[in-house]
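In what follows, a structure is listed as structure tokens, so that the remarks can point back to it.
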Amino acid sequence: MTLTEVVERLGLHVLTSRGGGDVKVTGGYAGDLLSDVIANSKTGNLWITMQTHQNVLAVVKLKDLAGIVFVNGRQPDEEVIQKANEEHIAVLSTDESAFIISGQLYQLLK
Amino acid sequence: MVSHHDLSRTFEIKGRDFSKAGSISINIKEILRELGIDPVIVRRVAIASYEAEMNVVMYANKGEMVLRLNPKVIQITLEDEGPGIENIEMAMQEGYTTATDEIREMGFGAGMGLPNIKKNADMFELKSTIGKGTSYNIVFYLNSKGDV
Ligand SMILES: Nc1ncnc2c1ncn2[C@@H]1O[C@H](COP(=O)(O)OP(=O)(O)OP(=O)(O)O)[C@@H](O)[C@H]1O
Ligand SMILES: [Mg+2]
């Protein structure tokens, strides 16, 4: 399933100019510890997290993740969005918790 | 079979500067990808160099990372100026960290960095002198045994 479809089906808010596109979402990974995400996420995963500071962007790039979803309505600083736009990274958000959105994504992709 | 010339690139890392943290590892990943290195190896190198780079950002004053490549191996070395590591054996254990609360709130300081490097590298050497600095030597074989 493409990121655009996932965004639509889960009702995610799109924070960056790049909302999705036809990058394939291969699965999801939920976590707030960067070393854990670096070690265990897979190419094309959608990363579900509470962490909204700018260092998450390097993880998305380094691991070729499909994008990142900030949960519990968390909003990043404007500079994070700016940097994500420059790097063509899809940054999304939801008012739901990591548990709910992970469950929904799992159902969608299984 | 990978065909490319020997390569050596040096990168400077600024300690405590989180604004550019990770950019060197992304750069290294792009270089290796463009050279057509096996994507599985590129991913392993990227993980290890990221963890090494972040440790300089988190703990040291500054560091120099060198990427070297020949037909047999990829080598990442890192020398930093910083506090050094008191007990390397302990530092290598999963979960061990001296990160501050502030750093841990950012999701760093899980004590997984050095174990991640060890898991992904074919060889990992860590040396340190208290009060001076730390050096990393990380090697990846481009084929199973490192021979041509
Ligand atoms: N370059 C370094 N200079 C000084 N101390 C270091 C350096 N690298 C690692 N250490 C010490 O080793 C400990 C363990 O490092 P490791 O990378 O495994 O975990 P961490 O950095 O604490 O957490 P994580 O990597 O999961 O974010 C660190 O907390 C720190 O005390
Ligand atoms: Mg670390």
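Convention: chains lettered A, B, ... in structure tokens order; per-chain residue numbering from 1; ligands numbered from 1 as shown.
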
ask   = Mind listing the residues within 9 Å of ligand 1, only C-alpha atoms and all ligand atoms counted, as JSON, numbers by chain?
value = {"A": [33, 34, 35, 36], "B": [51, 52, 53, 54, 55, 56, 57, 58, 59, 60, 61, 63, 78, 79, 80, 81, 82, 83, 84, 85, 86, 87, 88, 90, 91, 92, 93, 94, 95, 96, 97, 98, 99, 100, 103, 104, 107, 108, 109, 110, 111, 112, 113, 114, 115, 116, 117, 126, 128, 130, 133, 134, 135, 136]}

Taking only C-alpha atoms into account, report as a ChimeraX atom specification which residues of chain A lie within 7 Å of chain B.
/A:32-35,38-39,51,55,58,62

C-alpha atoms of the current selection, written as an mmCIF file, in the first residue's frame:
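Output (result.cif):
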data_model
loop_
_atom_site.group_PDB
_atom_site.id
_atom_site.type_symbol
_atom_site.label_atom_id
_atom_site.label_comp_id
_atom_site.auth_asym_id
_atom_site.auth_seq_id
_atom_site.Cartn_x
_atom_site.Cartn_y
_atom_site.Cartn_z
ATOM 1 C CA ASP A 32 10.799 6.397 21.045
ATOM 2 C CA LEU A 33 14.386 5.196 21.519
ATOM 3 C CA LEU A 34 16.450 6.204 18.517
ATOM 4 C CA SER A 35 18.988 3.384 18.783
ATOM 5 C CA ILE A 38 17.965 2.488 13.996
ATOM 6 C CA ALA A 39 18.595 -1.151 14.859
ATOM 7 C CA GLN A 51 9.802 12.083 19.541
ATOM 8 C CA ASN A 55 17.148 14.370 15.089
ATOM 9 C CA ALA A 58 18.342 11.646 10.178
ATOM 10 C CA LEU A 62 19.426 6.716 7.197
#

Between CA of Asn143 (chain B) and atom 1 (Mg, counted along the ligand's line) of ligand 2 - distance in Å to one decimal
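Computed distance, atom 1 (Mg, counted along the ligand's line) of ligand 2 to CA of Asn143 (chain B), equals 27.6 Å.
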
Nearby residues (only C-alpha atoms) at most 8 Å from Asn85 (chain A), same-chain spacing under 3 positions excluded, as a PyMOL selection string: chain A and resi 16-18+81-82+88-90

Those residues with N, CA, C and O atoms, as a PDB file, in the first residue's frame please?
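This went into result.pdb:
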ATOM      1  N   THR A  16       4.012  18.188   6.172  1.00  0.00           N
ATOM      2  CA  THR A  16       5.037  18.606   5.209  1.00  0.00           C
ATOM      3  C   THR A  16       4.447  18.710   3.813  1.00  0.00           C
ATOM      4  O   THR A  16       3.354  18.189   3.550  1.00  0.00           O
ATOM      5  N   SER A  17       5.184  19.346   2.914  1.00  0.00           N
ATOM      6  CA  SER A  17       4.701  19.459   1.538  1.00  0.00           C
ATOM      7  C   SER A  17       4.634  18.087   0.884  1.00  0.00           C
ATOM      8  O   SER A  17       3.796  17.817   0.043  1.00  0.00           O
ATOM      9  N   ARG A  18       5.536  17.247   1.296  1.00  0.00           N
ATOM     10  CA  ARG A  18       5.470  15.882   0.796  1.00  0.00           C
ATOM     11  C   ARG A  18       4.552  15.069   1.705  1.00  0.00           C
ATOM     12  O   ARG A  18       4.896  14.690   2.811  1.00  0.00           O
ATOM     13  N   ILE A  81       9.818  20.914  10.479  1.00  0.00           N
ATOM     14  CA  ILE A  81       9.023  20.825   9.252  1.00  0.00           C
ATOM     15  C   ILE A  81       9.804  21.391   8.067  1.00  0.00           C
ATOM     16  O   ILE A  81       9.833  20.804   6.982  1.00  0.00           O
ATOM     17  N   GLN A  82      10.456  22.509   8.324  1.00  0.00           N
ATOM     18  CA  GLN A  82      11.253  23.141   7.267  1.00  0.00           C
ATOM     19  C   GLN A  82      12.336  22.208   6.755  1.00  0.00           C
ATOM     20  O   GLN A  82      12.509  22.012   5.556  1.00  0.00           O
ATOM     21  N   HIS A  88      12.708  16.333   1.678  1.00  0.00           N
ATOM     22  CA  HIS A  88      11.607  15.555   1.084  1.00  0.00           C
ATOM     23  C   HIS A  88      11.185  14.376   1.948  1.00  0.00           C
ATOM     24  O   HIS A  88      10.993  13.261   1.455  1.00  0.00           O
ATOM     25  N   ILE A  89      11.085  14.633   3.236  1.00  0.00           N
ATOM     26  CA  ILE A  89      10.637  13.595   4.162  1.00  0.00           C
ATOM     27  C   ILE A  89       9.170  13.854   4.504  1.00  0.00           C
ATOM     28  O   ILE A  89       8.778  14.996   4.746  1.00  0.00           O
ATOM     29  N   ALA A  90       8.375  12.790   4.516  1.00  0.00           N
ATOM     30  CA  ALA A  90       6.956  12.925   4.849  1.00  0.00           C
ATOM     31  C   ALA A  90       6.778  12.888   6.364  1.00  0.00           C
ATOM     32  O   ALA A  90       7.115  11.902   7.010  1.00  0.00           O
TER      33      ALA A  90
END

Show which residues sit within 9 Å of Lys110 (chain A), as an MDAnalysis selection string. Count only C-alpha atoms, and ignore same-chain residues fewer than 4 positions away. chainID A and resid 27 105:106

To one decimal place, how far is CA of Leu65 (chain A) from CA of Lys118 (chain B) in Å?
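Atom-to-atom, CA of Leu65 (chain A) and CA of Lys118 (chain B) are spaced 22.9 Å apart.
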
Practice problem: Please provide the set of residues having any atom within 12 Å of Leu15 (chain A), restricted to only C-alpha atoms, with same-chain residues fewer than 6 positions apart removed, written as a VMD selection string. | Solution: chain A and resid 7 67 to 70 73 to 85 88 to 94

Expressed in Å, the length from CA of Arg33 (chain B) to CA of Thr2 (chain A) is 24.0 Å

Q: Using DSSP on the backbone coordinates, identify all residues within chain A classified as alpha helix (DSSP H); present the result as a ChimeraX atom specification.
A: /A:3-10,34-40,56-62,78-86,98-109

Q: Run DSSP on the backbone and grab whatever in chain A lands in strand (DSSP E); send it over as a PyMOL selection string.
A: chain A and resi 13-14+27-30+45-49+67-70+91-93

Selection export as a tab-separated table (two decimals), in the first residue's frame, atoms kept: N, CA, C and O atoms:
chain	number	residue	atom	x	y	z
A	13	HIS	N	-2.79	13.62	9.70
A	13	HIS	CA	-2.56	15.01	9.28
A	13	HIS	C	-1.21	15.06	8.58
A	13	HIS	O	-0.24	14.49	9.05
A	14	VAL	N	-1.16	15.80	7.47
A	14	VAL	CA	0.09	15.94	6.73
A	14	VAL	C	0.73	17.27	7.09
A	14	VAL	O	0.14	18.32	6.88
A	27	GLY	N	5.49	-1.66	6.27
A	27	GLY	CA	5.12	-2.06	7.62
A	27	GLY	C	5.28	-0.85	8.52
A	27	GLY	O	5.47	0.27	8.03
A	28	GLY	N	5.19	-1.08	9.81
A	28	GLY	CA	5.35	0.04	10.73
A	28	GLY	C	6.36	-0.31	11.81
A	28	GLY	O	6.66	-1.50	12.04
A	29	TYR	N	6.89	0.70	12.43
A	29	TYR	CA	7.73	0.47	13.61
A	29	TYR	C	7.42	1.55	14.62
A	29	TYR	O	7.45	2.75	14.30
A	30	ALA	N	7.06	1.14	15.84
A	30	ALA	CA	6.72	2.09	16.89
A	30	ALA	C	7.84	2.12	17.92
A	30	ALA	O	8.26	1.06	18.40
A	45	ASN	N	9.36	1.25	6.28
A	45	ASN	CA	8.46	1.27	7.45
A	45	ASN	C	7.98	2.68	7.72
A	45	ASN	O	8.68	3.66	7.45
A	46	LEU	N	6.77	2.77	8.28
A	46	LEU	CA	6.26	4.04	8.78
A	46	LEU	C	6.60	4.07	10.27
A	46	LEU	O	6.24	3.15	11.01
A	47	TRP	N	7.29	5.11	10.70
A	47	TRP	CA	7.77	5.19	12.09
A	47	TRP	C	6.76	5.97	12.94
A	47	TRP	O	6.45	7.11	12.63
A	48	ILE	N	6.29	5.31	13.97
A	48	ILE	CA	5.27	5.88	14.87
A	48	ILE	C	5.95	6.25	16.18
A	48	ILE	O	6.54	5.38	16.84
A	49	THR	N	5.91	7.52	16.55
A	49	THR	CA	6.72	7.95	17.70
A	49	THR	C	6.19	9.21	18.40
A	49	THR	O	5.41	9.97	17.83
A	67	GLY	N	8.16	7.28	6.15
A	67	GLY	CA	7.78	8.55	6.76
A	67	GLY	C	7.70	8.40	8.26
A	67	GLY	O	8.05	7.35	8.81
A	68	ILE	N	7.23	9.46	8.91
A	68	ILE	CA	7.16	9.45	10.36
A	68	ILE	C	5.81	10.00	10.82
A	68	ILE	O	5.28	10.92	10.21
A	69	VAL	N	5.25	9.38	11.85
A	69	VAL	CA	3.96	9.83	12.41
A	69	VAL	C	4.15	10.23	13.86
A	69	VAL	O	4.58	9.41	14.69
A	70	PHE	N	3.85	11.48	14.18
A	70	PHE	CA	3.88	11.94	15.57
A	70	PHE	C	2.51	11.66	16.20
A	70	PHE	O	1.49	12.03	15.64
A	91	VAL	N	6.26	14.00	6.92
A	91	VAL	CA	5.99	14.07	8.36
A	91	VAL	C	4.49	14.18	8.57
A	91	VAL	O	3.84	15.06	8.01
A	92	LEU	N	3.96	13.27	9.38
A	92	LEU	CA	2.52	13.16	9.58
A	92	LEU	C	2.22	13.22	11.07
A	92	LEU	O	3.12	13.04	11.89
A	93	SER	N	0.97	13.47	11.42
A	93	SER	CA	0.63	13.43	12.83
A	93	SER	C	-0.78	12.91	13.01
A	93	SER	O	-1.59	12.87	12.07

key: Counting only C-alpha atoms and all ligand atoms, the option among B:Glu89, B:Ser49, B:Arg68, B:Ile138 closest to ligand 2   =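 Ranking B:Glu89, B:Ser49, B:Arg68, B:Ile138 by distance to ligand 2, first place goes to B:Ser49.
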
Practice task
Excluding Asp6 (chain B) and any residue of its chain fewer than 2 positions from it, enumerate the residues within 10 Å of it, using only C-alpha atoms, and give them as a ChimeraX atom specification.
Solution key: /B:3-4,8,68-74

File dump, residues just selected, all heavy atoms, as a short mmCIF file (atom, residue, chain, number, x, y, z; two decimals), in the first residue's frame:
data_model
loop_
_atom_site.label_atom_id
_atom_site.label_comp_id
_atom_site.auth_asym_id
_atom_site.auth_seq_id
_atom_site.Cartn_x
_atom_site.Cartn_y
_atom_site.Cartn_z
N SER B 3 33.42 -3.02 -8.34
CA SER B 3 34.65 -2.49 -8.94
C SER B 3 34.73 -1.00 -8.66
O SER B 3 33.88 -0.23 -9.05
CB SER B 3 34.67 -2.76 -10.44
OG SER B 3 33.84 -1.86 -11.10
N HIS B 4 35.72 -0.62 -7.93
CA HIS B 4 35.93 0.79 -7.62
C HIS B 4 37.35 0.92 -7.11
O HIS B 4 38.00 -0.03 -6.71
CB HIS B 4 34.94 1.25 -6.56
CG HIS B 4 34.83 0.29 -5.42
ND1 HIS B 4 35.82 0.09 -4.51
CD2 HIS B 4 33.84 -0.57 -5.09
CE1 HIS B 4 35.44 -0.83 -3.66
NE2 HIS B 4 34.26 -1.26 -3.99
N SER B 8 39.25 7.14 0.41
CA SER B 8 39.42 7.55 1.79
C SER B 8 38.82 8.94 1.97
O SER B 8 39.15 9.86 1.22
CB SER B 8 40.92 7.55 2.13
OG SER B 8 41.13 8.21 3.36
N ARG B 68 37.24 4.42 4.89
CA ARG B 68 38.21 3.88 3.93
C ARG B 68 37.58 2.67 3.26
O ARG B 68 36.85 1.91 3.89
CB ARG B 68 39.50 3.45 4.62
CG ARG B 68 40.36 4.60 5.11
CD ARG B 68 41.70 4.10 5.61
NE ARG B 68 42.41 5.18 6.30
CZ ARG B 68 42.20 5.51 7.56
NH1 ARG B 68 41.32 4.86 8.30
NH2 ARG B 68 42.87 6.51 8.10
N LEU B 69 37.92 2.55 1.98
CA LEU B 69 37.30 1.49 1.21
C LEU B 69 38.31 0.91 0.25
O LEU B 69 39.04 1.66 -0.40
CB LEU B 69 36.14 2.13 0.43
CG LEU B 69 35.32 1.25 -0.47
CD1 LEU B 69 34.26 0.56 0.37
CD2 LEU B 69 34.64 2.12 -1.52
N ASN B 70 38.43 -0.40 0.22
CA ASN B 70 39.19 -1.04 -0.85
C ASN B 70 38.37 -2.24 -1.31
O ASN B 70 37.28 -2.46 -0.79
CB ASN B 70 40.61 -1.39 -0.36
CG ASN B 70 40.63 -2.49 0.69
OD1 ASN B 70 39.84 -3.42 0.64
ND2 ASN B 70 41.54 -2.37 1.64
N PRO B 71 38.84 -2.98 -2.30
CA PRO B 71 37.99 -4.07 -2.81
C PRO B 71 37.62 -5.11 -1.76
O PRO B 71 36.66 -5.86 -1.95
CB PRO B 71 38.83 -4.67 -3.93
CG PRO B 71 39.70 -3.55 -4.38
CD PRO B 71 40.03 -2.78 -3.12
N LYS B 72 38.37 -5.18 -0.67
CA LYS B 72 38.08 -6.20 0.34
C LYS B 72 37.22 -5.72 1.49
O LYS B 72 36.37 -6.45 1.98
CB LYS B 72 39.40 -6.72 0.93
CG LYS B 72 40.21 -7.58 0.02
CD LYS B 72 41.33 -8.22 0.83
CE LYS B 72 42.60 -8.36 0.03
NZ LYS B 72 43.73 -8.73 0.88
N VAL B 73 37.52 -4.52 1.99
CA VAL B 73 36.86 -4.08 3.21
C VAL B 73 36.42 -2.62 3.17
O VAL B 73 36.95 -1.80 2.44
CB VAL B 73 37.77 -4.26 4.47
CG1 VAL B 73 38.15 -5.70 4.69
CG2 VAL B 73 38.99 -3.37 4.38
N ILE B 74 35.44 -2.35 4.03
CA ILE B 74 35.08 -0.98 4.36
C ILE B 74 35.50 -0.79 5.81
O ILE B 74 35.21 -1.63 6.67
CB ILE B 74 33.55 -0.77 4.24
CG1 ILE B 74 33.10 -0.92 2.80
CG2 ILE B 74 33.17 0.62 4.78
CD1 ILE B 74 31.59 -0.97 2.64
#
